[in-house]
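Notes to accompany the following structure.
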Amino acid sequence: MSLFKFSVGPWNVHEGADAFGPEVRPSLSFDTKLKKFKEMGFEGIQFHDDDAVPDMNDLSEKQIISRAAEVKAFLDEQGLEAEFVAPRLWIDPRTVDGGFTSNSKSDREFALWRAFRSIDIAKQLGTNRIVLWLAREGTLCLESKDPVEGIVRLREAVNAMLAYDPDVRILIEPKPNEPIDRSFLPTVGHVLGFAAGTNDSSRVGALLESAHAVLAGLEPAIEMGFGLAHGKLWGVHLNDQNGLRYDQDKAFGVENLRSAFNQVKVLIDHQYGKNGEFVGLDVKAMRTQSLEQSFRHLENSLRMTRLLENKVRRLNREKVEQFRAGRDYEALEMYIMELLLGEDAV
């Protein structure tokens, strides 16, 4: 049995297109994906606003709310819950230069409209959690935006969202780059500093994705620990990343096993999930996989997380403390490696 509740987004089962090639698998319907997720053991669903309400830009606010209510009924039927809603602000032509931080006033107003609609959708789906993946909130050309003005505009947008709904909680998911070159909020530390400057910092926290920390040259477990130490780690997305490349969203633990172990360890040691938080998976199938294999990356990531939970349970805490007290870190390191390499070595 896992200590965690797991969540997943419908985009994690996709057609395999990337920046370098076309789709390689046919699409599956939204309903098919959610039924399979439930069968696999997921309890929560992550939503972009237009996952729940497709073509929402062409709908009235009343129609958006009505469509979201229909999705809520389907979730209830399947025994699933919505973890969060995230405004998809990086696809629309009006947000090619950022949404909240665009140099265009009308584009900034559109981004805020989408954010407010995401809050409306979230309320219908039964969650108060809004995730901001600030995909284009930064610069492609360093001189294209004033960094101070950019942060001020971002803060104004978040303050407007906080004012729109007194119950909303905003989780900012940092990433240092891609699709922009330089993000205004690249790490958990930046997110927490930013949160402190909002009108209600108690409702602004962080969601940490493993690969994004690696892309910043940081250790995901330390980033998680930083958020936990401040009571601000409100979401995690577990995955893996092969160095400083494009955001790969590999199955959890397949590249950096020891790092994955320590991510699970810090979450368990500090009771992540005690307030109902989910462990999210944000992983993508390899492009070589067939439609029949297109859920295997999720199955593998769930399995890896549970295997690593078992390793954490088997950790001899007394032995670890002895190594720490004696500063015998070589022995500690070898003990951890033996634990990870198998039963016979421990």
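Every chain in the structure tokens takes a letter, A first, then B, and so on in the order presented; its residues are numbered from 1, and the ligands are numbered from 1 following the presented order.
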> If we count only C-alpha atoms, what is near region 136-142 of chain A at a cut-off of 7 Å, once residues fewer than 5 positions away on the same chain are taken out, given as a ChimeraX atom specification?
Replying inline: /A:90,97-101,179-184
>> List the spatial neighbours of Lys33 (chain A) as an MDAnalysis selection string - criterion: any atom at most 8 Å away, only C-alpha atoms, same-chain residues fewer than 4 positions off excluded.
In response: chainID A and resid 10 13 28:29 37
> Which one is closest to Arg117 (chain A): A:Phe20, A:Tyr246, A:Tyr164, A:Trp133? Count only C-alpha atoms.
Replying inline: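 So, comparing all the options, the nearest one is A:Tyr164.
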> Closest to Val8 (chain A) among A:Glu219, A:Glu109, A:Glu77, A:Asp282, using only C-alpha atoms?
Replying inline: A:Asp282
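Between CA of Asp200 (chain A) and CA of Ala163 (chain A) there is a distance of 9.2 Å.
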> Please, which residues of region 123-168 of chain A, numbered as in this document, come out strand (DSSP E or B) from DSSP, as a list of chain:residue names?
Replying inline: A:Arg129, A:Ile130, A:Val131, A:Leu132, A:Trp133, A:Gly138, A:Thr139
For the residues in the current selection, export N, CA, C and O atoms as a PDB file, in the first residue's frame.
```pdb
ATOM      1  N   ARG A 129      -7.864  24.711  -5.992  1.00  0.00           N
ATOM      2  CA  ARG A 129      -6.441  24.789  -6.325  1.00  0.00           C
ATOM      3  C   ARG A 129      -6.265  25.172  -7.796  1.00  0.00           C
ATOM      4  O   ARG A 129      -6.731  24.471  -8.699  1.00  0.00           O
ATOM      5  N   ILE A 130      -5.562  26.273  -7.998  1.00  0.00           N
ATOM      6  CA  ILE A 130      -5.212  26.741  -9.332  1.00  0.00           C
ATOM      7  C   ILE A 130      -3.700  26.648  -9.485  1.00  0.00           C
ATOM      8  O   ILE A 130      -2.956  27.174  -8.653  1.00  0.00           O
ATOM      9  N   VAL A 131      -3.259  25.959 -10.536  1.00  0.00           N
ATOM     10  CA  VAL A 131      -1.821  25.847 -10.804  1.00  0.00           C
ATOM     11  C   VAL A 131      -1.450  26.813 -11.925  1.00  0.00           C
ATOM     12  O   VAL A 131      -2.106  26.852 -12.974  1.00  0.00           O
ATOM     13  N   LEU A 132      -0.414  27.578 -11.683  1.00  0.00           N
ATOM     14  CA  LEU A 132       0.128  28.458 -12.712  1.00  0.00           C
ATOM     15  C   LEU A 132       1.470  27.908 -13.168  1.00  0.00           C
ATOM     16  O   LEU A 132       2.469  27.989 -12.442  1.00  0.00           O
ATOM     17  N   TRP A 133       1.473  27.248 -14.340  1.00  0.00           N
ATOM     18  CA  TRP A 133       2.736  26.952 -15.005  1.00  0.00           C
ATOM     19  C   TRP A 133       3.016  28.161 -15.894  1.00  0.00           C
ATOM     20  O   TRP A 133       2.344  28.364 -16.910  1.00  0.00           O
ATOM     21  N   GLY A 138       8.411  35.286 -19.066  1.00  0.00           N
ATOM     22  CA  GLY A 138       9.842  35.538 -19.027  1.00  0.00           C
ATOM     23  C   GLY A 138      10.245  36.167 -20.335  1.00  0.00           C
ATOM     24  O   GLY A 138       9.449  36.866 -20.963  1.00  0.00           O
ATOM     25  N   THR A 139      11.463  35.911 -20.792  1.00  0.00           N
ATOM     26  CA  THR A 139      11.931  36.574 -22.001  1.00  0.00           C
ATOM     27  C   THR A 139      12.545  35.596 -22.993  1.00  0.00           C
ATOM     28  O   THR A 139      13.167  34.611 -22.621  1.00  0.00           O
TER      29      THR A 139
END
```
> Just how far from CA of Leu59 (chain A) is CA of Phe30 (chain A), in Å to one decimal?
Replying inline: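 About the pair CA of Phe30 (chain A) and CA of Leu59 (chain A): they are 19.6 Å apart.
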